[in-house]
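J.: Compact mmCIF, C-alpha atoms, saved as model.txt, coming up:
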```txt
# COMPACT_ATOMS: atom_id res chain seq x y z
CA MET D 15 -6.35 -4.16 -29.68
CA ALA D 16 -4.98 -4.75 -26.19
CA PHE D 17 -2.15 -7.23 -25.76
CA TYR D 18 -4.05 -9.74 -23.59
CA ASP D 19 -7.30 -9.83 -25.66
CA GLY D 20 -6.27 -13.13 -27.23
CA VAL D 21 -5.58 -14.70 -23.84
CA PHE D 22 -9.09 -14.00 -22.54
CA ASP D 23 -10.61 -15.11 -25.88
CA ALA D 24 -8.67 -18.39 -25.77
CA LEU D 25 -9.84 -19.03 -22.21
CA GLY D 26 -13.46 -18.41 -23.21
CA LEU D 27 -13.81 -15.49 -20.80
CA ARG D 28 -14.78 -12.82 -23.31
CA GLU D 29 -18.48 -12.81 -22.38
CA TRP D 30 -17.61 -12.70 -18.67
CA CYS D 31 -15.22 -9.82 -19.23
CA ASP D 32 -17.69 -7.77 -21.25
CA ALA D 33 -20.81 -8.57 -19.17
CA ASN D 34 -22.10 -5.57 -17.22
CA ALA D 35 -18.91 -3.70 -18.03
CA GLU D 36 -19.00 -0.14 -16.80
CA SER D 37 -16.84 2.46 -18.43
CA ALA D 38 -14.46 3.59 -15.71
CA PRO D 39 -13.07 7.12 -15.84
CA MET D 40 -9.84 7.26 -17.81
CA SER D 41 -6.63 7.49 -15.86
CA MET D 42 -3.98 10.11 -16.57
CA ALA D 43 -1.86 7.45 -18.30
CA ASP D 44 -4.81 6.55 -20.56
CA LEU D 45 -5.41 10.19 -21.42
CA LEU D 46 -1.74 10.72 -22.28
CA ALA D 47 -1.71 7.57 -24.39
CA GLN D 48 -4.88 8.68 -26.18
CA ALA D 49 -3.41 12.13 -26.80
CA GLY D 50 -0.18 10.56 -28.11
CA GLY D 51 -2.08 8.40 -30.58
CA ALA D 52 0.12 6.28 -32.76
CA ASP D 53 3.31 7.43 -31.06
CA ALA D 54 2.07 6.04 -27.76
CA GLU D 55 1.24 2.72 -29.38
CA ALA D 56 4.63 2.55 -31.02
CA SER D 57 6.40 3.15 -27.74
CA GLY D 58 4.47 0.38 -25.96
CA GLU D 59 6.17 -2.73 -24.56
CA VAL D 60 6.52 -5.80 -26.72
CA PHE D 61 5.40 -8.08 -23.90
CA PRO D 62 3.86 -6.00 -21.08
CA PHE D 63 3.76 -7.41 -17.57
CA PRO D 64 0.25 -8.75 -16.73
CA SER D 65 -0.45 -5.99 -14.25
CA LEU D 66 -3.95 -5.01 -13.22
CA ASP D 67 -3.94 -2.01 -15.54
CA ASN D 68 -2.75 -4.06 -18.55
CA LEU D 69 -5.28 -6.84 -17.88
CA ASN D 70 -8.04 -4.26 -17.42
CA GLU D 71 -7.48 -3.07 -20.98
CA SER D 72 -8.58 -6.50 -22.17
CA CYS D 73 -11.09 -7.37 -19.44
CA ASP D 74 -13.23 -4.71 -17.77
CA ARG D 75 -14.13 -7.09 -14.95
CA ILE D 76 -10.56 -6.86 -13.64
CA GLY D 77 -10.08 -3.71 -11.60
CA GLN D 78 -7.28 -1.25 -12.15
CA THR D 79 -4.48 -0.54 -9.70
CA ARG D 80 -6.20 2.67 -8.60
CA ASP D 81 -9.28 0.57 -7.68
CA PHE D 82 -7.06 -1.65 -5.52
CA THR D 83 -5.56 1.32 -3.65
CA ALA D 84 -8.97 2.96 -3.35
CA ASN D 85 -10.41 -0.21 -1.78
CA ILE D 86 -7.60 -0.25 0.81
CA GLU D 87 -8.33 3.38 1.68
CA ASP D 88 -12.09 2.79 1.84
CA GLY D 89 -11.58 -0.25 4.07
CA PHE D 90 -9.39 1.70 6.48
CA LEU D 91 -11.82 4.63 6.58
CA ALA D 92 -14.68 2.20 7.26
CA ILE D 93 -13.04 0.94 10.46
CA LYS D 94 -11.44 4.25 11.41
CA ASP D 95 -14.22 5.42 13.75
CA GLY D 96 -14.32 2.09 15.59
CA LEU D 97 -10.52 2.05 15.96
CA LYS D 98 -10.53 5.62 17.22
CA ILE D 99 -13.12 4.83 19.89
CA VAL D 100 -10.95 1.96 21.17
CA LEU D 101 -7.51 3.55 20.77
CA ASP D 102 -8.26 7.06 22.01
CA PRO D 103 -8.71 6.20 25.71
CA LEU D 104 -5.91 3.59 25.60
CA THR D 105 -3.37 5.99 24.16
CA GLN D 106 -4.39 9.18 25.96
CA PRO D 107 -1.97 8.50 28.88
CA LEU D 108 0.84 8.58 26.31
CA SER D 109 -0.13 12.15 25.40
CA TRP D 110 -0.14 13.11 29.08
CA MET D 111 3.29 11.55 29.64
CA LEU D 112 4.82 13.23 26.58
CA ASP D 113 3.31 16.61 27.42
CA GLY D 114 4.35 16.27 31.07
CA ALA D 115 7.93 15.32 30.21
CA LEU D 116 8.14 18.16 27.69
CA TRP D 117 6.88 20.62 30.30
CA LEU D 118 9.34 19.31 32.92
CA PHE D 119 12.38 19.43 30.63
CA THR D 120 11.61 22.87 29.21
CA THR D 121 10.42 24.73 32.32
CA THR D 122 13.12 23.51 34.71
CA PRO D 123 15.96 26.09 34.78
CA TRP D 124 19.04 25.04 32.84
CA TRP D 125 21.23 25.30 35.93
CA ILE D 126 19.11 22.53 37.49
CA ILE D 127 18.25 20.24 34.57
CA VAL D 128 21.73 20.18 32.97
CA PRO D 129 23.64 19.27 36.19
CA LEU D 130 20.98 16.63 36.92
CA LEU D 131 21.43 15.06 33.48
CA ILE D 132 25.22 15.10 33.85
CA ALA D 133 24.94 13.51 37.31
CA LEU D 134 22.56 10.88 35.93
CA THR D 135 25.05 10.13 33.17
CA HIS D 136 27.85 9.61 35.69
CA LEU D 137 25.60 7.44 37.86
CA VAL D 138 24.69 5.20 34.91
CA ALA D 139 27.99 5.12 33.03
CA ARG D 140 30.51 5.56 35.89
CA SER D 141 32.95 6.93 33.31
CA ILE D 142 34.74 10.27 33.69
CA GLY D 143 35.33 10.49 29.94
CA VAL D 144 31.67 9.95 29.05
CA THR D 145 30.54 12.38 31.76
CA LEU D 146 32.90 15.10 30.52
CA PHE D 147 31.76 14.56 26.94
CA VAL D 148 28.10 14.89 27.98
CA ALA D 149 28.90 18.10 29.89
CA PHE D 150 30.74 19.52 26.88
CA SER D 151 27.85 18.60 24.57
CA PHE D 152 25.28 20.41 26.71
CA LEU D 153 27.55 23.44 27.03
CA PHE D 154 28.01 23.54 23.25
CA LEU D 155 24.27 23.19 22.60
CA GLY D 156 23.60 25.99 25.08
CA ALA D 157 26.24 28.21 23.48
CA ILE D 158 24.54 27.97 20.07
CA ASP D 159 21.04 28.48 21.59
CA HIS D 160 19.94 24.92 20.84
CA LEU D 161 19.70 23.67 24.41
CA ASP D 162 15.91 24.12 24.66
CA VAL D 163 15.13 22.19 21.48
CA ALA D 164 17.68 19.52 22.41
CA LEU D 165 15.95 19.06 25.77
CA GLN D 166 12.62 18.78 23.95
CA THR D 167 14.05 15.95 21.86
CA LEU D 168 15.49 14.30 24.97
CA SER D 169 12.13 14.44 26.75
CA ILE D 170 10.45 12.59 23.89
CA ILE D 171 13.22 9.97 23.74
CA PHE D 172 13.02 9.50 27.53
CA VAL D 173 9.29 8.75 27.46
CA CYS D 174 9.24 6.64 24.29
CA THR D 175 12.33 4.61 25.22
CA SER D 176 11.01 3.95 28.73
CA LEU D 177 7.67 2.72 27.37
CA SER D 178 9.41 0.66 24.67
CA VAL D 179 11.47 -1.11 27.35
CA LEU D 180 8.46 -1.58 29.67
CA LEU D 181 6.45 -3.13 26.84
CA GLY D 182 9.26 -4.82 24.94
CA VAL D 183 10.98 -6.78 27.71
CA PRO D 184 7.79 -8.65 28.79
CA LEU D 185 7.03 -9.42 25.13
CA GLY D 186 10.57 -10.73 24.67
CA ILE D 187 10.21 -12.89 27.78
CA ALA D 188 6.90 -14.27 26.49
CA MET D 189 8.52 -15.05 23.13
CA SER D 190 11.38 -16.90 24.82
CA ARG D 191 8.92 -19.08 26.75
CA SER D 192 6.70 -20.04 23.81
CA ASN D 193 7.88 -21.10 20.37
CA THR D 194 4.35 -20.66 19.07
CA PHE D 195 4.18 -17.06 20.29
CA GLN D 196 7.61 -16.42 18.82
CA ARG D 197 6.50 -17.70 15.40
CA MET D 198 3.48 -15.40 15.60
CA MET D 199 5.53 -12.35 16.62
CA VAL D 200 8.45 -12.68 14.19
CA PRO D 201 6.46 -11.68 11.03
CA LEU D 202 5.01 -8.68 12.90
CA LEU D 203 8.46 -7.62 14.12
CA ASP D 204 9.85 -8.05 10.61
CA LEU D 205 7.08 -5.80 9.30
CA LEU D 206 7.72 -3.13 11.92
CA GLN D 207 11.47 -3.26 11.31
CA THR D 208 11.31 -3.02 7.52
CA LEU D 209 8.33 -0.69 7.03
CA PRO D 210 9.56 2.72 5.80
CA THR D 211 9.52 5.27 8.60
CA PHE D 212 7.18 7.64 6.79
CA VAL D 213 4.59 4.87 6.36
CA TYR D 214 4.15 4.67 10.16
CA LEU D 215 2.70 8.16 10.09
CA ILE D 216 0.08 7.67 7.35
CA PRO D 217 -2.60 5.64 9.25
CA LEU D 218 -1.92 7.54 12.48
CA ILE D 219 -2.69 10.87 10.81
CA PHE D 220 -6.15 9.54 9.96
CA LEU D 221 -6.73 8.24 13.50
CA PHE D 222 -5.45 11.12 15.63
CA SER D 223 -5.25 14.87 15.42
CA VAL D 224 -1.89 16.30 14.40
CA THR D 225 -1.95 18.42 17.56
CA GLU D 226 -2.02 15.32 19.80
CA SER D 227 1.33 14.19 21.17
CA LYS D 228 0.36 10.53 21.02
CA LEU D 229 0.40 10.69 17.22
CA TYR D 230 4.18 10.89 17.05
CA GLY D 231 4.61 8.97 20.30
CA ILE D 232 2.94 5.84 18.91
CA ALA D 233 4.99 6.06 15.71
CA ILE D 234 8.25 6.31 17.67
CA ILE D 235 7.37 3.41 19.98
CA LEU D 236 6.30 1.11 17.12
CA TYR D 237 9.51 1.87 15.26
CA ALA D 238 11.87 1.62 18.25
CA ILE D 239 10.43 -1.29 20.23
CA VAL D 240 11.62 -4.08 17.91
CA PRO D 241 15.29 -4.39 19.02
CA VAL D 242 14.53 -4.69 22.73
CA ILE D 243 11.93 -7.42 22.03
CA ARG D 244 14.24 -9.40 19.78
CA LEU D 245 17.32 -9.15 21.99
CA THR D 246 15.39 -9.99 25.17
CA ASP D 247 14.08 -13.14 23.49
CA LEU D 248 17.54 -13.97 22.14
CA GLY D 249 19.31 -13.29 25.44
CA ILE D 250 17.04 -15.60 27.43
CA ARG D 251 17.23 -18.35 24.80
CA LEU D 252 21.05 -18.15 24.86
CA VAL D 253 21.26 -18.87 28.60
CA ASP D 254 23.34 -22.01 29.06
CA LYS D 255 21.17 -25.12 29.32
CA ASP D 256 23.43 -26.50 32.05
CA VAL D 257 22.63 -23.47 34.21
CA ILE D 258 18.91 -24.05 33.68
CA GLU D 259 19.32 -27.73 34.60
CA ALA D 260 21.18 -26.73 37.75
CA ALA D 261 18.36 -24.34 38.66
CA ASP D 262 15.85 -27.14 38.10
CA ALA D 263 17.93 -29.42 40.31
CA PHE D 264 17.67 -26.85 43.10
CA GLY D 265 13.90 -26.93 42.74
CA MET D 266 13.46 -23.38 41.43
CA THR D 267 10.06 -22.40 40.06
CA LYS D 268 9.72 -20.79 36.62
CA GLN D 269 9.46 -17.34 38.18
CA GLN D 270 12.54 -17.91 40.34
CA LYS D 271 14.53 -19.14 37.32
CA LEU D 272 13.43 -16.10 35.34
CA TRP D 273 14.33 -13.47 37.95
CA ASN D 274 17.36 -15.12 39.53
CA VAL D 275 18.97 -16.89 36.57
CA GLN D 276 17.71 -16.04 33.09
CA LEU D 277 17.24 -12.26 33.30
CA PRO D 278 20.58 -11.58 35.04
CA LEU D 279 22.44 -13.68 32.46
CA ALA D 280 20.49 -12.13 29.58
CA LEU D 281 20.97 -8.57 30.87
CA PRO D 282 23.89 -7.70 28.51
CA ASN D 283 21.75 -8.64 25.51
CA ILE D 284 18.77 -6.74 26.90
CA MET D 285 20.94 -3.66 27.45
CA ALA D 286 22.20 -3.93 23.86
CA GLY D 287 18.54 -3.92 22.78
CA VAL D 288 17.90 -0.83 24.92
CA ASN D 289 20.85 0.90 23.24
CA GLN D 290 19.42 0.19 19.80
CA THR D 291 15.96 1.29 20.91
CA ILE D 292 17.37 4.64 22.07
CA MET D 293 19.10 5.16 18.72
CA MET D 294 15.98 4.26 16.75
CA SER D 295 13.86 6.57 18.92
CA LEU D 296 16.20 9.43 18.10
CA ALA D 297 16.04 8.63 14.39
CA MET D 298 12.24 8.53 14.40
CA VAL D 299 11.76 11.66 16.51
CA VAL D 300 13.41 13.70 13.75
CA ILE D 301 11.02 12.30 11.12
CA ALA D 302 8.09 12.76 13.52
CA SER D 303 8.69 16.51 13.31
CA LEU D 304 6.55 16.26 10.17
CA VAL D 305 3.57 15.65 12.47
CA SER D 306 4.28 18.36 15.07
CA ALA D 307 6.91 16.57 17.19
CA PRO D 308 8.98 19.35 18.80
CA GLY D 309 12.74 19.44 19.10
CA LEU D 310 15.72 19.49 16.79
CA GLY D 311 13.78 17.78 14.02
CA VAL D 312 11.70 20.94 13.57
CA LEU D 313 14.86 22.89 12.75
CA VAL D 314 15.99 20.23 10.29
CA LEU D 315 12.58 20.40 8.63
CA ARG D 316 12.78 24.20 8.55
CA GLY D 317 16.19 24.00 6.87
CA ILE D 318 14.75 21.70 4.18
CA ARG D 319 11.57 23.70 3.58
CA ASN D 320 13.18 27.15 3.51
CA LEU D 321 16.53 26.05 2.05
CA GLU D 322 18.28 27.43 5.12
CA LEU D 323 21.54 25.52 4.89
CA GLY D 324 23.04 26.80 8.15
CA VAL D 325 19.93 26.08 10.22
CA GLY D 326 19.72 22.50 8.91
CA ILE D 327 23.41 21.75 9.38
CA VAL D 328 23.59 23.16 12.92
CA ALA D 329 20.46 21.22 13.92
CA GLY D 330 21.99 18.10 12.36
CA ILE D 331 25.15 18.60 14.42
CA GLY D 332 22.95 18.87 17.53
CA ILE D 333 21.25 15.58 16.64
CA VAL D 334 24.63 13.91 16.10
CA LEU D 335 25.80 15.15 19.51
CA LEU D 336 22.64 13.77 21.18
CA ALA D 337 23.08 10.47 19.36
CA VAL D 338 26.71 10.16 20.51
CA VAL D 339 25.78 11.16 24.08
CA LEU D 340 23.01 8.56 24.28
CA ASP D 341 25.08 5.88 22.55
CA ARG D 342 28.20 6.37 24.69
CA THR D 343 26.20 6.53 27.90
CA SER D 344 24.23 3.36 27.19
CA LYS D 345 27.33 1.50 26.00
CA ALA D 346 29.28 2.54 29.08
CA ALA D 347 26.42 1.23 31.22
CA LEU D 348 26.41 -2.02 29.22
CA SER D 349 30.19 -2.38 29.66
CA ARG D 350 29.84 -1.87 33.41
CA ILE D 351 27.14 -4.55 33.58
CA ASP D 352 29.35 -6.97 31.64
CA LYS D 353 32.24 -6.37 34.05
CA ASN D 354 29.99 -6.97 37.04
CA HIS D 355 28.83 -10.27 35.52
CA LYS D 356 32.39 -11.40 34.91
CA VAL D 357 33.36 -10.56 38.48
CA HIS D 358 30.44 -12.54 39.88
```
Could you show the structure in this file as structure tokens?

T.:
Amino acid sequence: MAFYDGVFDALGLREWCDANAESAPMSMADLLAQAGGADAEASGEVFPFPSLDNLNESCDRIGQTRDFTANIEDGFLAIKDGLKIVLDPLTQPLSWMLDGALWLFTTTPWWIIVPLLIALTHLVARSIGVTLFVAFSFLFLGAIDHLDVALQTLSIIFVCTSLSVLLGVPLGIAMSRSNTFQRMMVPLLDLLQTLPTFVYLIPLIFLFSVTESKLYGIAIILYAIVPVIRLTDLGIRLVDKDVIEAADAFGMTKQQKLWNVQLPLALPNIMAGVNQTIMMSLAMVVIASLVSAPGLGVLVLRGIRNLELGVGIVAGIGIVLLAVVLDRTSKAALSRIDKNHKVH
């Protein structure tokens, strides 16, 4: 006798539970319990949680947990073709951008691409220390024959971070202007920020081919876009009300206040969001190697699969170097922006 039989009998639901009951195939747990016989019964809980499986033992009308998960899968597969028709043309430019950046970073000779990246670092950071560290990092990666895969990882981060900023900043601005839109976006941002990284890949694998670059590109952007949206919204909302009142007194329009007052004052916060977006892009691009994303993540994955300790550790050191390079460069740029604001 199942534990909850008496509950359904007391509620007068026995006929409803037994009506048109179909014998569902036994689960592995049921088979093991049946094989265990009395031992399985003896080891049962005194008061089992009223889960779907436990309630199903007393009422066949209540589906099991596997039915619940199967319905979710069937529902997704039912709309998959329609989603693919809509999303394929919208996301195809992302594949072109990722493939183009990968081609550019990997086919350009090292004696051109590396000096350009070092010069770009100095232009952005204006720090001799950061520039020298970036130069040393590239020289080290080249010395251990990891420069090519490091540049592959950088190309992906460059594209995904750029798109995250281009999409995230306008969304943050829209959130700062509308409390209703902010209330609608916050649950979605919370979901994107807390969803396990591997879960991002599951629906995308069903929608796109593993050979398509947009598969991992979409996953990286969804994972990394949250900080820049949140901090853009926060930065604009933190602009001093007295400054806004002064702008209104001068007769500024909403667009003029946005471009000439709010965005410049919120720029440090926005840059902090960009820094976090870069770091999260790097974290996700390693995991995206599971779905054919090139770069250092592939070597980490190889080290795990083949138990090649040295390969995994060296690739991990390369990822750490890239993370420090990107973090120090973006923070130096943020510090320079802060100084400029204080001067003005």

J.: Smallest atom-to-atom distance to Thr105 of chain D: which of D:Asn85, D:Thr208, D:Ser227, D:Asn193, using only C-alpha atoms?

T.: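 For Thr105 of chain D, the nearest of the candidates is D:Ser227.
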
J.: Give the answer as one residue: which of D:Ser303, D:Ser109, D:Thr246, D:Thr291 has the shortest atom-to-atom distance to Phe212 of chain D, using only C-alpha atoms?

T.: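 Result for the nearest residue to Phe212 of chain D: D:Ser303.
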
J.: Which residues are near segment 181-185 of chain D? Cut-off 7 Å, all atoms listed in the file, ignore same chain within fewer than 3 positions. Put them as a JSON list (two decimals) with C-alpha atoms, in the coordinates of the input.

T.:
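Output file result-v1.json follows:
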```json
[["chain", "number", "residue", "atom", "x", "y", "z"],
["D", 177, "LEU", "CA", 7.67, 2.72, 27.37],
["D", 178, "SER", "CA", 9.41, 0.66, 24.67],
["D", 188, "ALA", "CA", 6.90, -14.27, 26.49],
["D", 189, "MET", "CA", 8.52, -15.05, 23.13],
["D", 239, "ILE", "CA", 10.43, -1.29, 20.23],
["D", 242, "VAL", "CA", 14.53, -4.69, 22.73],
["D", 243, "ILE", "CA", 11.93, -7.42, 22.03],
["D", 246, "THR", "CA", 15.39, -9.99, 25.17]]
```

J.: Just the number, please: distance in Å from atom CA of Val148 of chain D to atom CA of Val339 of chain D, one decimal.

T.: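 Spanning atom CA of Val148 of chain D to atom CA of Val339 of chain D is a straight-line distance of 5.9 Å.
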
J.: With all atoms listed in the file as the atoms that count, which of D:Ser223, D:Ser306, D:Thr79, D:Gln290 lies nearest to Ser344 of chain D?

T.: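 Checking each candidate against Ser344 of chain D, we get D:Gln290 as the closest.
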
J.: Extending 6 Å beyond the listed atoms of segment 329-332 of chain D on each side, what axis-aligned box results? I want centre and edge lengths in Å to one decimal, as AutoDock Vina command-line options.

T.:
```
--center_x 22.8 --center_y 19.7 --center_z 14.9 --size_x 16.7 --size_y 15.1 --size_z 17.2
```

J.: In terms of the shortest atom-to-atom distance over all atoms listed in the file, which of D:Ala347, D:Leu165, D:Met111, D:Leu245 is closest to Ala139 of chain D?

T.: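 Nearest to Ala139 of chain D: D:Ala347.
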
J.: Just give me the gap between atom CA of Thr343 of chain D and atom CA of Val314 of chain D in Å, one decimal is fine.

T.: 24.5 Å

J.: Skip Tyr237 of chain D itself and residues of its chain fewer than 6 positions away, then list as a list in words all residues within 9 Å of it, counting all atoms listed in the file.

T.: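 So, after excluding close chain neighbours, the residues are Leu206, Gln207, Leu209, Thr211, Tyr214, Thr291, Met294, Ser295 and Met298 of chain D.
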
J.: Grab the atom CA of Gly330 of chain D to atom CA of Val288 of chain D distance for me, in Å with one decimal place.

T.: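 Computed distance, atom CA of Gly330 of chain D to atom CA of Val288 of chain D, equals 23.1 Å.
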
J.: Have a look at D:Ala84, D:Val60, D:Leu221, D:Cys31 and name the one nearest to Lys98 of chain D; count only C-alpha atoms.

T.: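 Closest to Lys98 of chain D of all the choices is D:Leu221.
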
J.: From the options D:Asn68, D:Ile158, D:Gln270, D:Phe172, which residue's atoms come nearest to Phe119 of chain D, counting only C-alpha atoms?

T.: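 Smallest separation from Phe119 of chain D among the options: D:Phe172.
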
J.: As a count of residues only, please: the residues near Asp159 of chain D (cut-off 12 Å, only C-alpha atoms, same-chain neighbours under 4 positions excluded).

T.: 13

J.: As a PDB file, keeping the file's coordinate frame, please: segment 21-30 of chain D completed to all heavy atoms.

T.:
```pdb
ATOM      1  N   VAL D  21      -5.634 -13.785 -24.977  1.00  0.00           N
ATOM      2  CA  VAL D  21      -5.580 -14.700 -23.840  1.00  0.00           C
ATOM      3  C   VAL D  21      -6.977 -14.937 -23.284  1.00  0.00           C
ATOM      4  O   VAL D  21      -7.391 -16.078 -23.040  1.00  0.00           O
ATOM      5  CB  VAL D  21      -4.647 -14.139 -22.741  1.00  0.00           C
ATOM      6  CG1 VAL D  21      -4.683 -15.035 -21.496  1.00  0.00           C
ATOM      7  CG2 VAL D  21      -3.223 -14.013 -23.260  1.00  0.00           C
ATOM      8  N   PHE D  22      -7.728 -13.853 -23.082  1.00  0.00           N
ATOM      9  CA  PHE D  22      -9.090 -14.000 -22.540  1.00  0.00           C
ATOM     10  C   PHE D  22     -10.015 -14.676 -23.542  1.00  0.00           C
ATOM     11  O   PHE D  22     -10.916 -15.440 -23.160  1.00  0.00           O
ATOM     12  CB  PHE D  22      -9.635 -12.631 -22.144  1.00  0.00           C
ATOM     13  CG  PHE D  22      -9.004 -12.055 -20.905  1.00  0.00           C
ATOM     14  CD1 PHE D  22      -8.016 -11.076 -21.005  1.00  0.00           C
ATOM     15  CD2 PHE D  22      -9.371 -12.498 -19.650  1.00  0.00           C
ATOM     16  CE1 PHE D  22      -7.420 -10.550 -19.876  1.00  0.00           C
ATOM     17  CE2 PHE D  22      -8.779 -11.976 -18.505  1.00  0.00           C
ATOM     18  CZ  PHE D  22      -7.791 -11.010 -18.619  1.00  0.00           C
ATOM     19  N   ASP D  23      -9.806 -14.430 -24.859  1.00  0.00           N
ATOM     20  CA  ASP D  23     -10.610 -15.110 -25.880  1.00  0.00           C
ATOM     21  C   ASP D  23     -10.332 -16.601 -25.876  1.00  0.00           C
ATOM     22  O   ASP D  23     -11.253 -17.424 -25.955  1.00  0.00           O
ATOM     23  CB  ASP D  23     -10.295 -14.514 -27.259  1.00  0.00           C
ATOM     24  CG  ASP D  23     -10.781 -13.075 -27.388  1.00  0.00           C
ATOM     25  OD1 ASP D  23     -11.684 -12.688 -26.606  1.00  0.00           O
ATOM     26  OD2 ASP D  23     -10.259 -12.340 -28.250  1.00  0.00           O
ATOM     27  N   ALA D  24      -9.042 -16.974 -25.763  1.00  0.00           N
ATOM     28  CA  ALA D  24      -8.670 -18.390 -25.770  1.00  0.00           C
ATOM     29  C   ALA D  24      -9.220 -19.119 -24.541  1.00  0.00           C
ATOM     30  O   ALA D  24      -9.560 -20.301 -24.614  1.00  0.00           O
ATOM     31  CB  ALA D  24      -7.149 -18.526 -25.831  1.00  0.00           C
ATOM     32  N   LEU D  25      -9.320 -18.410 -23.427  1.00  0.00           N
ATOM     33  CA  LEU D  25      -9.840 -19.030 -22.210  1.00  0.00           C
ATOM     34  C   LEU D  25     -11.364 -19.026 -22.159  1.00  0.00           C
ATOM     35  O   LEU D  25     -11.962 -19.546 -21.209  1.00  0.00           O
ATOM     36  CB  LEU D  25      -9.298 -18.292 -20.975  1.00  0.00           C
ATOM     37  CG  LEU D  25      -7.788 -18.416 -20.729  1.00  0.00           C
ATOM     38  CD1 LEU D  25      -7.362 -17.516 -19.566  1.00  0.00           C
ATOM     39  CD2 LEU D  25      -7.421 -19.873 -20.431  1.00  0.00           C
ATOM     40  N   GLY D  26     -11.997 -18.454 -23.164  1.00  0.00           N
ATOM     41  CA  GLY D  26     -13.460 -18.410 -23.210  1.00  0.00           C
ATOM     42  C   GLY D  26     -14.067 -17.464 -22.195  1.00  0.00           C
ATOM     43  O   GLY D  26     -15.208 -17.677 -21.744  1.00  0.00           O
ATOM     44  N   LEU D  27     -13.342 -16.432 -21.830  1.00  0.00           N
ATOM     45  CA  LEU D  27     -13.810 -15.490 -20.800  1.00  0.00           C
ATOM     46  C   LEU D  27     -14.293 -14.169 -21.386  1.00  0.00           C
ATOM     47  O   LEU D  27     -14.545 -13.226 -20.636  1.00  0.00           O
ATOM     48  CB  LEU D  27     -12.678 -15.217 -19.802  1.00  0.00           C
ATOM     49  CG  LEU D  27     -12.172 -16.423 -19.002  1.00  0.00           C
ATOM     50  CD1 LEU D  27     -10.977 -16.022 -18.145  1.00  0.00           C
ATOM     51  CD2 LEU D  27     -13.284 -16.979 -18.126  1.00  0.00           C
ATOM     52  N   ARG D  28     -14.424 -14.093 -22.724  1.00  0.00           N
ATOM     53  CA  ARG D  28     -14.780 -12.820 -23.310  1.00  0.00           C
ATOM     54  C   ARG D  28     -16.146 -12.318 -22.857  1.00  0.00           C
ATOM     55  O   ARG D  28     -16.315 -11.136 -22.527  1.00  0.00           O
ATOM     56  CB  ARG D  28     -14.734 -12.947 -24.842  1.00  0.00           C
ATOM     57  CG  ARG D  28     -15.153 -11.695 -25.615  1.00  0.00           C
ATOM     58  CD  ARG D  28     -14.416 -10.465 -25.165  1.00  0.00           C
ATOM     59  NE  ARG D  28     -12.971 -10.661 -25.151  1.00  0.00           N
ATOM     60  CZ  ARG D  28     -12.125  -9.883 -24.498  1.00  0.00           C
ATOM     61  NH1 ARG D  28     -12.586  -8.888 -23.751  1.00  0.00           N
ATOM     62  NH2 ARG D  28     -10.837 -10.120 -24.525  1.00  0.00           N
ATOM     63  N   GLU D  29     -17.142 -13.225 -22.812  1.00  0.00           N
ATOM     64  CA  GLU D  29     -18.480 -12.810 -22.380  1.00  0.00           C
ATOM     65  C   GLU D  29     -18.469 -12.352 -20.927  1.00  0.00           C
ATOM     66  O   GLU D  29     -19.125 -11.386 -20.552  1.00  0.00           O
ATOM     67  CB  GLU D  29     -19.480 -13.963 -22.565  1.00  0.00           C
ATOM     68  CG  GLU D  29     -19.753 -14.306 -24.028  1.00  0.00           C
ATOM     69  CD  GLU D  29     -20.825 -15.370 -24.163  1.00  0.00           C
ATOM     70  OE1 GLU D  29     -21.434 -15.737 -23.111  1.00  0.00           O
ATOM     71  OE2 GLU D  29     -21.059 -15.832 -25.281  1.00  0.00           O
ATOM     72  N   TRP D  30     -17.704 -13.085 -20.096  1.00  0.00           N
ATOM     73  CA  TRP D  30     -17.610 -12.700 -18.670  1.00  0.00           C
ATOM     74  C   TRP D  30     -16.950 -11.339 -18.526  1.00  0.00           C
ATOM     75  O   TRP D  30     -17.368 -10.521 -17.712  1.00  0.00           O
ATOM     76  CB  TRP D  30     -16.814 -13.752 -17.910  1.00  0.00           C
ATOM     77  CG  TRP D  30     -16.573 -13.402 -16.465  1.00  0.00           C
ATOM     78  CD1 TRP D  30     -17.464 -13.538 -15.435  1.00  0.00           C
ATOM     79  CD2 TRP D  30     -15.382 -12.852 -15.908  1.00  0.00           C
ATOM     80  NE1 TRP D  30     -16.898 -13.103 -14.256  1.00  0.00           N
ATOM     81  CE2 TRP D  30     -15.613 -12.669 -14.520  1.00  0.00           C
ATOM     82  CE3 TRP D  30     -14.145 -12.498 -16.438  1.00  0.00           C
ATOM     83  CZ2 TRP D  30     -14.658 -12.148 -13.662  1.00  0.00           C
ATOM     84  CZ3 TRP D  30     -13.183 -11.983 -15.584  1.00  0.00           C
ATOM     85  CH2 TRP D  30     -13.436 -11.798 -14.206  1.00  0.00           C
TER      86      TRP D  30
END
```
